2 protein chains.
Amino acid sequence: MALSIEQLNAATPEQVAALLDGTYEHSPWIAQRAAAARPFRSLAHLKHALVQAVSKAKDEEQLGLIRAHPELAGKAMVSKTLTAESTHEQGKAGLTDCTPEEFAKIQQLNADYNAKFGFPFILAVRGPRGTGLSKREIIDTFERRLHHPADFERGEALRNIHRIAEIRLDDKFGVTPALGNDVWDWQEQLSQHTDPGYAEKGQLTVTYLTDAHRACAQQIAGRMREAGFDSVQIDAVGNVVGRYEGATPGAKTLLTGSHYDTVRNGGKYDGRLGIFVPIACVRELKRQNRRLPYAFEVVGFAEEEGQRYKATFLGSGALTGHFDPKWLDQKDADGITMREARAAAGLKEEDIPKLRRDPSKYLGFVEVHIEQGPVLNELDLPLGIVTSINGGVRYVGEVIGMASHAGTTPMTRRRDAAAAVAELILFAEQRAAKDGDSVATVGMLEVPSGSINVVPGSCKFSLDMRAPNNPQRDALAADVIAELKAICERRGVRYTLEESMKASAAPSAPAWQQRWEQAVDTLGVPLYRMPSGAGHDAMKLHEVMPQAMLFVRGINSGISHNPLESSTNNDMQLAVEAFQLLLDNLANEKAH
Amino acid sequence: MALSIEQLNAATPEQVAALLDGTYEHSPWIAQRAAAARPFRSLAHLKHALVQAVSKAKDEEQLGLIRAHPELAGKAMVSKTLTAESTHEQGKAGLTDCTPEEFAKIQQLNADYNAKFGFPFILAVRGPRGTGLSKREIIDTFERRLHHPADFERGEALRNIHRIAEIRLDDKFGVTPALGNDVWDWQEQLSQHTDPGYAEKGQLTVTYLTDAHRACAQQIAGRMREAGFDSVQIDAVGNVVGRYEGATPGAKTLLTGSHYDTVRNGGKYDGRLGIFVPIACVRELKRQNRRLPYAFEVVGFAEEEGQRYKATFLGSGALTGHFDPKWLDQKDADGITMREARAAAGLKEEDIPKLRRDPSKYLGFVEVHIEQGPVLNELDLPLGIVTSINGGVRYVGEVIGMASHAGTTPMTRRRDAAAAVAELILFAEQRAAKDGDSVATVGMLEVPSGSINVVPGSCKFSLDMRAPNNPQRDALAADVIAELKAICERRGVRYTLEESMKASAAPSAPAWQQRWEQAVDTLGVPLYRMPSGAGHDAMKLHEVMPQAMLFVRGINSGISHNPLESSTNNDMQLAVEAFQLLLDNLANEKAH
């Protein structure tokens, strides 16, 4: 018999611990303390209460929890003293069936890991899809995590423990995140298409109008047709546009979507999640033969990342009427102009202006996106409410000093370009931190043709600064640039600085942010409001209609534009459910 | 009638000013004040006294001196109101004969320069060889100097004024630096040989055993034969070895020399000056049919810079018995092993051990070298006494943090590898400065594949630290490495650090340093003792015999391993004269 939330809510704390026995390895105190948060509003709420019990626990209690876990394919497995749950999980991952070499490798990793961190390596071997990781994936992750800083790895251990608990709870409750699994699988299948040269390396790269890109468009269009959209087409910039009409003709339209292009060697979920989540919603509506009192338009944007050509937001930009015909002359690395690439794809220039949407016919724009940052993961929250897409400004610069002999130039007679940039880096870091929610990054840094024995005469750098609103961004940039000037004057060097990008902040429309909050709250997931540090298609749509975004936790904290950026079937399930609630609530608003 | 030092010494200060009228443009106060330093011991002493009068003058007086100079090819030239000296000099440079385009270009540069610095551009158009610069050279220098920091350029203006005065004084005294001119010309002629691919770019690059390198050896050998050496040969590592035997057979030998290979796109004087200065001395001895009471051996070392192969000091290393046969397997960028390159040059491996010198047969080693640093130039001193060749240690390292999205990773959650290296750079700078005579340099710096929107997950750097003695070097390195460790711990990042070079300090042998000091003092040039920040062949010879070096001022301050590194015919003349005095004094010592 599956467990139910009602059962837990009616039990004593001791009974709660008994009912949840086996969720957290040898640690009944977690369930007991979580019981204080009752009544649990949902399984998601229960999971969060358990997580909170751990994060509020003492340091030694957390360490005890981690140490209560067996080593992977360790002595406990060999001596058959694992808990039933661990035996099941390690068996599923094939760890009970290692070759002697694999076993020896894992033993060595266990020993190294324990020596470095003082606790066993913990990995949710049933993985983000809920299905087993391969032995190869497990060993790779083990080797990667061995290099982490200690405090970070302790957090990873706890997060994996919570993920293990989540899967065990789903089993106990007899729940399967079926919609999340479908969305997961769709993304997996879409990632089969990758640009030439990347498949061999096992890397995902889909840039504007390549064969892989066009195959992606076809696959997304196919998904939309299967899901039951009324019309599906690939438009004149390569966007895949599906419409699910409303109950009445001429009703206004809710717009959603995200991009299906990727950065080079990117992740499978960046952008794509925001296409497949609403497709899952439409499929469920169609299954129920339900029509909403408004039309629903889902767009897979063809381009957002600016990888093949310099221009970005080509897909969403076409909808706002901001496609600049000059972009057609841009060339890719092989010298192919955008015009030529478009012609090869059969896209007609004269059709682009027709893509511009009439804002009066739209209710607004919403977008689901993986967070691309570490915040939700570190706070153990599956969803986040975006308050604003940060405004940003970027510069590329160079400090020019005087190259001189590293041995013969006294410290007092140097005009060291790199030392000046070092001061800039540290100032920018500290100045952005002062704001709390601003960021500043020197991501590119190079002493061109630097030699070990030459005082740097030049140092090139980039500067990226972002803040939730434009005045805060501008004050940050002004301070950093003033300091650069002061540093250079003090050091007798000079600098060049060229603004390469400037984007306005895009605060969420309060009514739409409120709709996301209502949906997330209904799920029993705590509300967490946060700015988006990255730019998104919603930033473009913001120019013509109200918008608001929902973030989904990314795992492998803080890694983005990287194949390791991931999410889980459970979090994707919650994203679909939140979107369904938003659609329902909006339907109710319209009905009244 | 040429002026004489005796005349000046006998005159009143006003007469001195009158006798030196026209040396410094419209500024009789300089000669008047310099007169206080009388009796002048030599022309070099007079020049120095004039320089001192300017450097002790008030800021406004210095500025007044600079502003007393006409613009190059400026209005004064057009209206024919230049001083006689300026007319002569500007005319010699062809400036009175500009095309309208050249004239317009120079006017624009004059205007820009004056607007930036507030004084006219001043250049000794008769140049470092005392002969005229071309219009092209003048315009190039003008454009380059327009980019200098203001304080530096003010120093350059004064230095050029002193150089102009020096040439004018030589004219007044009817003196020609004939030996300096010869040494200058020999270096000029040697620089005609350059490695393939560099001639087209007008660059000087001579690396071990290339065709250009072997042509250089032949040319140096030819110079030695012309000068009257008794024996000249190219040895088994490519050193050019000339011997001028002593008055009696079996007398001990004084060894000198420097290297004739260059860095890529190097200067004409680095190393080569220390070969040609003693060749000039031998030529003068031979002209006088004079033999010294000791033999004199001059070596043009084949390799010091480590450009074609990783091994360095191949030439001097062979003399100390430190040629490592393993080096023969090293490959150059084209995959040619040193063994193959040597075979092509007809050099026999089995002959290398025979090159080892028996220290008991040698008096010691002296070396003349261009300073390769800014110190003498900034102090307006032509020669410097080397007290020690600094010991050094080099590392290449990497800080490994975590790459993350620049927009979405809050400042508090970053593990920014570049920011950690920035802290290291500033610590190393400040820690070396604290010693006074230590130096520390991060010359190579790179965020590999850095992106404008990614927090650096890795930052590679080099670290070069030097000090006049080993304990000081080791304390510096220990402090810097301890700080790197602390920075990384504080920031939760890790680092790798590999020592790539470690060299002991080589203090000058007191008796030999004393001999250089005596020679320089006899010239009337103030003594200035300084460590050598760069490594030199003397460092190798130090391992087996006493050594001491003499530095010659480099112009274009602080630039080294660079085509702009230069010297003047006057300074080269002083170097030859100092070497002659050292030889004479040593002969006197032996005679008594």
# chains A, B, ... in the order shown; residues from 1 in each chain; ligands from 1
>>> residues_around(residues="A:Ile220", least_positions_apart="6", cutoff="10 Å", atoms="only C-alpha atoms", output="ChimeraX atom specification")
/A:186-187,190,214,226,232,234,240-242,260,272,275-276,279,299-300
>>> residues_around(residues="A:Lys252", least_positions_apart="3", cutoff="9 Å", atoms="only C-alpha atoms", output="JSON, numbers by chain")
{"A": [246, 249, 293, 294, 295, 296, 360, 361, 362, 363]}
>>> write_last_selection(atoms="N, CA and C atoms", output="mmCIF file, in the first residue's frame")
data_model
loop_
_atom_site.group_PDB
_atom_site.id
_atom_site.type_symbol
_atom_site.label_atom_id
_atom_site.label_comp_id
_atom_site.auth_asym_id
_atom_site.auth_seq_id
_atom_site.Cartn_x
_atom_site.Cartn_y
_atom_site.Cartn_z
ATOM 1 N N GLY A 246 -8.063 28.810 -28.641
ATOM 2 C CA GLY A 246 -8.934 28.929 -27.475
ATOM 3 C C GLY A 246 -10.348 28.446 -27.779
ATOM 4 N N PRO A 249 -13.204 31.720 -31.094
ATOM 5 C CA PRO A 249 -12.327 32.322 -32.104
ATOM 6 C C PRO A 249 -12.083 33.787 -31.751
ATOM 7 N N PRO A 293 -10.123 29.566 -22.380
ATOM 8 C CA PRO A 293 -10.804 30.755 -22.911
ATOM 9 C C PRO A 293 -9.817 31.719 -23.598
ATOM 10 N N TYR A 294 -8.659 31.254 -23.952
ATOM 11 C CA TYR A 294 -7.669 32.063 -24.685
ATOM 12 C C TYR A 294 -6.834 31.096 -25.519
ATOM 13 N N ALA A 295 -6.246 31.619 -26.555
ATOM 14 C CA ALA A 295 -5.372 30.767 -27.370
ATOM 15 C C ALA A 295 -4.005 30.666 -26.710
ATOM 16 N N PHE A 296 -3.286 29.606 -27.029
ATOM 17 C CA PHE A 296 -1.975 29.342 -26.403
ATOM 18 C C PHE A 296 -0.976 29.107 -27.536
ATOM 19 N N SER A 360 -1.435 43.838 -29.172
ATOM 20 C CA SER A 360 -2.818 43.988 -28.680
ATOM 21 C C SER A 360 -3.560 42.656 -28.748
ATOM 22 N N LYS A 361 -3.022 41.719 -29.507
ATOM 23 C CA LYS A 361 -3.687 40.418 -29.609
ATOM 24 C C LYS A 361 -3.141 39.404 -28.603
ATOM 25 N N TYR A 362 -2.197 39.861 -27.765
ATOM 26 C CA TYR A 362 -1.556 38.926 -26.838
ATOM 27 C C TYR A 362 -1.815 39.316 -25.389
ATOM 28 N N LEU A 363 -1.985 38.301 -24.557
ATOM 29 C CA LEU A 363 -2.143 38.542 -23.126
ATOM 30 C C LEU A 363 -0.794 38.867 -22.478
#
>>> select_by_dssp(residues="stretch 178-331 of chain A", states="strand (DSSP E or B)", output="ChimeraX atom specification")
/A:231-234,240-244,253-259,295-301,331
>>> residues_around(residues="B:His536", least_positions_apart="6", cutoff="8 Å", atoms="only C-alpha atoms", output="compact mmCIF listing (two decimals) with N, CA and C atoms, in the first residue's frame")
# COMPACT_ATOMS: atom_id res chain seq x y z
N SER B 258 80.67 37.31 -24.56
CA SER B 258 79.23 37.31 -24.34
C SER B 258 78.63 36.56 -25.52
N GLU B 304 72.83 31.55 -25.55
CA GLU B 304 72.54 31.91 -24.16
C GLU B 304 71.05 32.01 -23.92
N ILE B 389 74.97 38.94 -9.90
CA ILE B 389 73.90 38.55 -10.82
C ILE B 389 72.84 37.89 -9.95
>>> residues_around(residues="A:Ser191", least_positions_apart="5", cutoff="9 Å", atoms="only C-alpha atoms", output="list in words")
Trp186, Leu204, Thr205, Val206, Cys216, Gly267 and Lys268 of chain A
>>> write_last_selection(atoms="N, CA and C atoms", output="PDB file, in the first residue's frame")
ATOM      1  N   TRP A 186      12.053  13.797 -24.135  1.00  0.00           N
ATOM      2  CA  TRP A 186      12.014  14.631 -25.348  1.00  0.00           C
ATOM      3  C   TRP A 186      13.316  15.408 -25.514  1.00  0.00           C
ATOM      4  N   LEU A 204      27.149  18.346 -27.464  1.00  0.00           N
ATOM      5  CA  LEU A 204      25.944  18.931 -28.041  1.00  0.00           C
ATOM      6  C   LEU A 204      26.211  20.374 -28.470  1.00  0.00           C
ATOM      7  N   THR A 205      26.044  20.607 -29.765  1.00  0.00           N
ATOM      8  CA  THR A 205      26.209  21.948 -30.307  1.00  0.00           C
ATOM      9  C   THR A 205      25.211  22.090 -31.441  1.00  0.00           C
ATOM     10  N   VAL A 206      24.289  23.017 -31.292  1.00  0.00           N
ATOM     11  CA  VAL A 206      23.280  23.237 -32.332  1.00  0.00           C
ATOM     12  C   VAL A 206      23.230  24.723 -32.605  1.00  0.00           C
ATOM     13  N   CYS A 216      16.381  19.559 -35.518  1.00  0.00           N
ATOM     14  CA  CYS A 216      15.749  19.863 -34.227  1.00  0.00           C
ATOM     15  C   CYS A 216      14.380  20.502 -34.452  1.00  0.00           C
ATOM     16  N   GLY A 267      24.485  22.325 -22.757  1.00  0.00           N
ATOM     17  CA  GLY A 267      23.650  21.358 -22.044  1.00  0.00           C
ATOM     18  C   GLY A 267      22.372  21.058 -22.822  1.00  0.00           C
ATOM     19  N   LYS A 268      21.650  20.054 -22.376  1.00  0.00           N
ATOM     20  CA  LYS A 268      20.456  19.583 -23.101  1.00  0.00           C
ATOM     21  C   LYS A 268      19.199  20.337 -22.703  1.00  0.00           C
TER      22      LYS A 268
END
>>> atom_distance(atom1="atom CA of A:Gly94", atom2="atom CA of A:Leu19")
28.8 Å
>>> residues_around(residues="B:Glu483", least_positions_apart="5", cutoff="12 Å", atoms="only C-alpha atoms", output="PyMOL selection string")
chain B and resi 420-421+423-428+430-431+476-478+488-490+495
>>> atom_distance(atom1="atom CA of A:Thr496", atom2="atom CA of B:Met411")
25.6 Å
>>> residues_around(residues="stretch 441-458 of chain A", least_positions_apart="6", cutoff="8 Å", atoms="only C-alpha atoms", output="MDAnalysis selection string")
(chainID A and resid 398:407 414:418 425 428:429 464:465) or (chainID B and resid 394 406 418 441:447 449:456 462:464)
>>> residues_around(residues="stretch 499-502 of chain B", least_positions_apart="6", cutoff="8 Å", atoms="only C-alpha atoms", output="PDB file with N, CA, C and O atoms, in the first residue's frame")
ATOM      1  N   GLY B 391      70.030  35.860  -8.154  1.00  0.00           N
ATOM      2  CA  GLY B 391      69.504  34.508  -8.200  1.00  0.00           C
ATOM      3  C   GLY B 391      68.033  34.577  -8.528  1.00  0.00           C
ATOM      4  O   GLY B 391      67.362  35.576  -8.237  1.00  0.00           O
ATOM      5  N   GLY B 392      67.518  33.535  -9.167  1.00  0.00           N
ATOM      6  CA  GLY B 392      66.118  33.580  -9.556  1.00  0.00           C
ATOM      7  C   GLY B 392      65.467  32.232  -9.427  1.00  0.00           C
ATOM      8  O   GLY B 392      66.135  31.201  -9.347  1.00  0.00           O
ATOM      9  N   VAL B 393      64.155  32.275  -9.367  1.00  0.00           N
ATOM     10  CA  VAL B 393      63.387  31.035  -9.403  1.00  0.00           C
ATOM     11  C   VAL B 393      62.119  31.330 -10.194  1.00  0.00           C
ATOM     12  O   VAL B 393      61.566  32.421 -10.110  1.00  0.00           O
ATOM     13  N   ARG B 394      61.747  30.356 -11.025  1.00  0.00           N
ATOM     14  CA  ARG B 394      60.560  30.550 -11.861  1.00  0.00           C
ATOM     15  C   ARG B 394      59.582  29.408 -11.662  1.00  0.00           C
ATOM     16  O   ARG B 394      59.979  28.265 -11.498  1.00  0.00           O
ATOM     17  N   TYR B 395      58.338  29.773 -11.742  1.00  0.00           N
ATOM     18  CA  TYR B 395      57.273  28.779 -11.644  1.00  0.00           C
ATOM     19  C   TYR B 395      56.262  29.002 -12.764  1.00  0.00           C
ATOM     20  O   TYR B 395      56.071  30.130 -13.214  1.00  0.00           O
ATOM     21  N   VAL B 396      55.627  27.914 -13.194  1.00  0.00           N
ATOM     22  CA  VAL B 396      54.407  28.054 -13.985  1.00  0.00           C
ATOM     23  C   VAL B 396      53.301  27.402 -13.169  1.00  0.00           C
ATOM     24  O   VAL B 396      53.512  26.355 -12.554  1.00  0.00           O
TER      25      VAL B 396
END
>>> closest_residue(among="B:Glu517, B:Glu284, B:Asp97, B:Glu89", to="B:Thr387", atoms="only C-alpha atoms")
B:Glu517
>>> atom_distance(atom1="atom CA of B:Pro374", atom2="atom CA of A:Thr409")
6.3 Å
>>> closest_residue(among="A:Arg154, A:Arg491, A:His193, A:Lys47", to="chain B", atoms="only C-alpha atoms")
A:Arg491
>>> closest_residue(among="A:His162, A:Arg145, A:Lys286, A:Lys201", to="chain B", atoms="only C-alpha atoms")
A:Arg145
>>> decode(residues="stretch 125-151 of chain A", atoms="N, CA, C and O atoms", output="PDB file, in the first residue's frame")
ATOM      1  N   VAL A 125      22.720   7.166  -7.289  1.00  0.00           N
ATOM      2  CA  VAL A 125      23.037   6.364  -8.478  1.00  0.00           C
ATOM      3  C   VAL A 125      21.817   6.150  -9.360  1.00  0.00           C
ATOM      4  O   VAL A 125      21.959   5.741 -10.506  1.00  0.00           O
ATOM      5  N   ARG A 126      20.618   6.444  -8.854  1.00  0.00           N
ATOM      6  CA  ARG A 126      19.447   6.344  -9.730  1.00  0.00           C
ATOM      7  C   ARG A 126      19.300   7.615 -10.579  1.00  0.00           C
ATOM      8  O   ARG A 126      18.460   7.657 -11.465  1.00  0.00           O
ATOM      9  N   GLY A 127      20.127   8.599 -10.332  1.00  0.00           N
ATOM     10  CA  GLY A 127      20.297   9.705 -11.271  1.00  0.00           C
ATOM     11  C   GLY A 127      19.123  10.637 -11.448  1.00  0.00           C
ATOM     12  O   GLY A 127      18.063  10.462 -10.854  1.00  0.00           O
ATOM     13  N   PRO A 128      19.313  11.680 -12.273  1.00  0.00           N
ATOM     14  CA  PRO A 128      18.313  12.732 -12.432  1.00  0.00           C
ATOM     15  C   PRO A 128      17.045  12.280 -13.176  1.00  0.00           C
ATOM     16  O   PRO A 128      16.006  12.900 -13.049  1.00  0.00           O
ATOM     17  N   ARG A 129      17.131  11.184 -13.950  1.00  0.00           N
ATOM     18  CA  ARG A 129      15.939  10.679 -14.632  1.00  0.00           C
ATOM     19  C   ARG A 129      15.253   9.635 -13.776  1.00  0.00           C
ATOM     20  O   ARG A 129      14.213   9.105 -14.128  1.00  0.00           O
ATOM     21  N   GLY A 130      15.854   9.320 -12.603  1.00  0.00           N
ATOM     22  CA  GLY A 130      15.278   8.302 -11.735  1.00  0.00           C
ATOM     23  C   GLY A 130      15.694   6.906 -12.146  1.00  0.00           C
ATOM     24  O   GLY A 130      15.472   5.938 -11.438  1.00  0.00           O
ATOM     25  N   THR A 131      16.338   6.809 -13.298  1.00  0.00           N
ATOM     26  CA  THR A 131      16.853   5.524 -13.765  1.00  0.00           C
ATOM     27  C   THR A 131      18.337   5.465 -13.437  1.00  0.00           C
ATOM     28  O   THR A 131      18.956   6.482 -13.115  1.00  0.00           O
ATOM     29  N   GLY A 132      18.914   4.270 -13.512  1.00  0.00           N
ATOM     30  CA  GLY A 132      20.284   4.074 -13.039  1.00  0.00           C
ATOM     31  C   GLY A 132      21.336   4.765 -13.884  1.00  0.00           C
ATOM     32  O   GLY A 132      21.242   4.824 -15.107  1.00  0.00           O
ATOM     33  N   LEU A 133      22.345   5.291 -13.215  1.00  0.00           N
ATOM     34  CA  LEU A 133      23.533   5.774 -13.922  1.00  0.00           C
ATOM     35  C   LEU A 133      24.362   4.569 -14.340  1.00  0.00           C
ATOM     36  O   LEU A 133      24.322   3.525 -13.691  1.00  0.00           O
ATOM     37  N   SER A 134      25.132   4.711 -15.386  1.00  0.00           N
ATOM     38  CA  SER A 134      26.033   3.628 -15.786  1.00  0.00           C
ATOM     39  C   SER A 134      27.255   3.644 -14.879  1.00  0.00           C
ATOM     40  O   SER A 134      27.561   4.657 -14.234  1.00  0.00           O
ATOM     41  N   LYS A 135      27.966   2.511 -14.840  1.00  0.00           N
ATOM     42  CA  LYS A 135      29.201   2.476 -14.053  1.00  0.00           C
ATOM     43  C   LYS A 135      30.172   3.558 -14.534  1.00  0.00           C
ATOM     44  O   LYS A 135      30.846   4.199 -13.747  1.00  0.00           O
ATOM     45  N   ARG A 136      30.200   3.773 -15.854  1.00  0.00           N
ATOM     46  CA  ARG A 136      31.081   4.795 -16.431  1.00  0.00           C
ATOM     47  C   ARG A 136      30.728   6.182 -15.876  1.00  0.00           C
ATOM     48  O   ARG A 136      31.586   6.953 -15.456  1.00  0.00           O
ATOM     49  N   GLU A 137      29.421   6.501 -15.893  1.00  0.00           N
ATOM     50  CA  GLU A 137      28.980   7.817 -15.388  1.00  0.00           C
ATOM     51  C   GLU A 137      29.332   7.979 -13.914  1.00  0.00           C
ATOM     52  O   GLU A 137      29.731   9.050 -13.465  1.00  0.00           O
ATOM     53  N   ILE A 138      29.174   6.885 -13.171  1.00  0.00           N
ATOM     54  CA  ILE A 138      29.455   6.950 -11.737  1.00  0.00           C
ATOM     55  C   ILE A 138      30.941   7.233 -11.502  1.00  0.00           C
ATOM     56  O   ILE A 138      31.316   8.112 -10.724  1.00  0.00           O
ATOM     57  N   ILE A 139      31.792   6.493 -12.230  1.00  0.00           N
ATOM     58  CA  ILE A 139      33.237   6.667 -12.029  1.00  0.00           C
ATOM     59  C   ILE A 139      33.677   8.072 -12.477  1.00  0.00           C
ATOM     60  O   ILE A 139      34.460   8.743 -11.802  1.00  0.00           O
ATOM     61  N   ASP A 140      33.126   8.554 -13.600  1.00  0.00           N
ATOM     62  CA  ASP A 140      33.458   9.908 -14.069  1.00  0.00           C
ATOM     63  C   ASP A 140      33.083  10.961 -13.027  1.00  0.00           C
ATOM     64  O   ASP A 140      33.848  11.895 -12.756  1.00  0.00           O
ATOM     65  N   THR A 141      31.884  10.821 -12.485  1.00  0.00           N
ATOM     66  CA  THR A 141      31.429  11.798 -11.490  1.00  0.00           C
ATOM     67  C   THR A 141      32.315  11.748 -10.249  1.00  0.00           C
ATOM     68  O   THR A 141      32.688  12.776  -9.689  1.00  0.00           O
ATOM     69  N   PHE A 142      32.653  10.536  -9.877  1.00  0.00           N
ATOM     70  CA  PHE A 142      33.522  10.329  -8.716  1.00  0.00           C
ATOM     71  C   PHE A 142      34.844  11.083  -8.936  1.00  0.00           C
ATOM     72  O   PHE A 142      35.304  11.863  -8.090  1.00  0.00           O
ATOM     73  N   GLU A 143      35.440  10.874 -10.102  1.00  0.00           N
ATOM     74  CA  GLU A 143      36.739  11.508 -10.375  1.00  0.00           C
ATOM     75  C   GLU A 143      36.605  13.028 -10.408  1.00  0.00           C
ATOM     76  O   GLU A 143      37.470  13.755  -9.924  1.00  0.00           O
ATOM     77  N   ARG A 144      35.522  13.504 -10.985  1.00  0.00           N
ATOM     78  CA  ARG A 144      35.318  14.956 -11.069  1.00  0.00           C
ATOM     79  C   ARG A 144      35.159  15.561  -9.678  1.00  0.00           C
ATOM     80  O   ARG A 144      35.783  16.567  -9.338  1.00  0.00           O
ATOM     81  N   ARG A 145      34.342  14.894  -8.872  1.00  0.00           N
ATOM     82  CA  ARG A 145      34.035  15.479  -7.561  1.00  0.00           C
ATOM     83  C   ARG A 145      35.211  15.417  -6.594  1.00  0.00           C
ATOM     84  O   ARG A 145      35.294  16.205  -5.642  1.00  0.00           O
ATOM     85  N   LEU A 146      36.104  14.517  -6.834  1.00  0.00           N
ATOM     86  CA  LEU A 146      37.317  14.419  -6.006  1.00  0.00           C
ATOM     87  C   LEU A 146      38.112  15.736  -6.043  1.00  0.00           C
ATOM     88  O   LEU A 146      38.864  16.044  -5.111  1.00  0.00           O
ATOM     89  N   HIS A 147      37.934  16.511  -7.109  1.00  0.00           N
ATOM     90  CA  HIS A 147      38.671  17.774  -7.244  1.00  0.00           C
ATOM     91  C   HIS A 147      37.957  18.957  -6.605  1.00  0.00           C
ATOM     92  O   HIS A 147      38.493  20.058  -6.586  1.00  0.00           O
ATOM     93  N   HIS A 148      36.752  18.759  -6.125  1.00  0.00           N
ATOM     94  CA  HIS A 148      36.006  19.890  -5.566  1.00  0.00           C
ATOM     95  C   HIS A 148      36.637  20.406  -4.282  1.00  0.00           C
ATOM     96  O   HIS A 148      37.288  19.654  -3.557  1.00  0.00           O
ATOM     97  N   PRO A 149      36.377  21.673  -3.980  1.00  0.00           N
ATOM     98  CA  PRO A 149      36.739  22.178  -2.651  1.00  0.00           C
ATOM     99  C   PRO A 149      35.902  21.445  -1.591  1.00  0.00           C
ATOM    100  O   PRO A 149      34.781  20.989  -1.889  1.00  0.00           O
ATOM    101  N   ALA A 150      36.407  21.354  -0.378  1.00  0.00           N
ATOM    102  CA  ALA A 150      35.771  20.550   0.667  1.00  0.00           C
ATOM    103  C   ALA A 150      34.368  21.046   1.022  1.00  0.00           C
ATOM    104  O   ALA A 150      33.434  20.252   1.139  1.00  0.00           O
ATOM    105  N   ASP A 151      34.206  22.369   1.175  1.00  0.00           N
ATOM    106  CA  ASP A 151      32.891  22.871   1.589  1.00  0.00           C
ATOM    107  C   ASP A 151      31.857  22.618   0.503  1.00  0.00           C
ATOM    108  O   ASP A 151      30.712  22.264   0.767  1.00  0.00           O
TER     109      ASP A 151
END
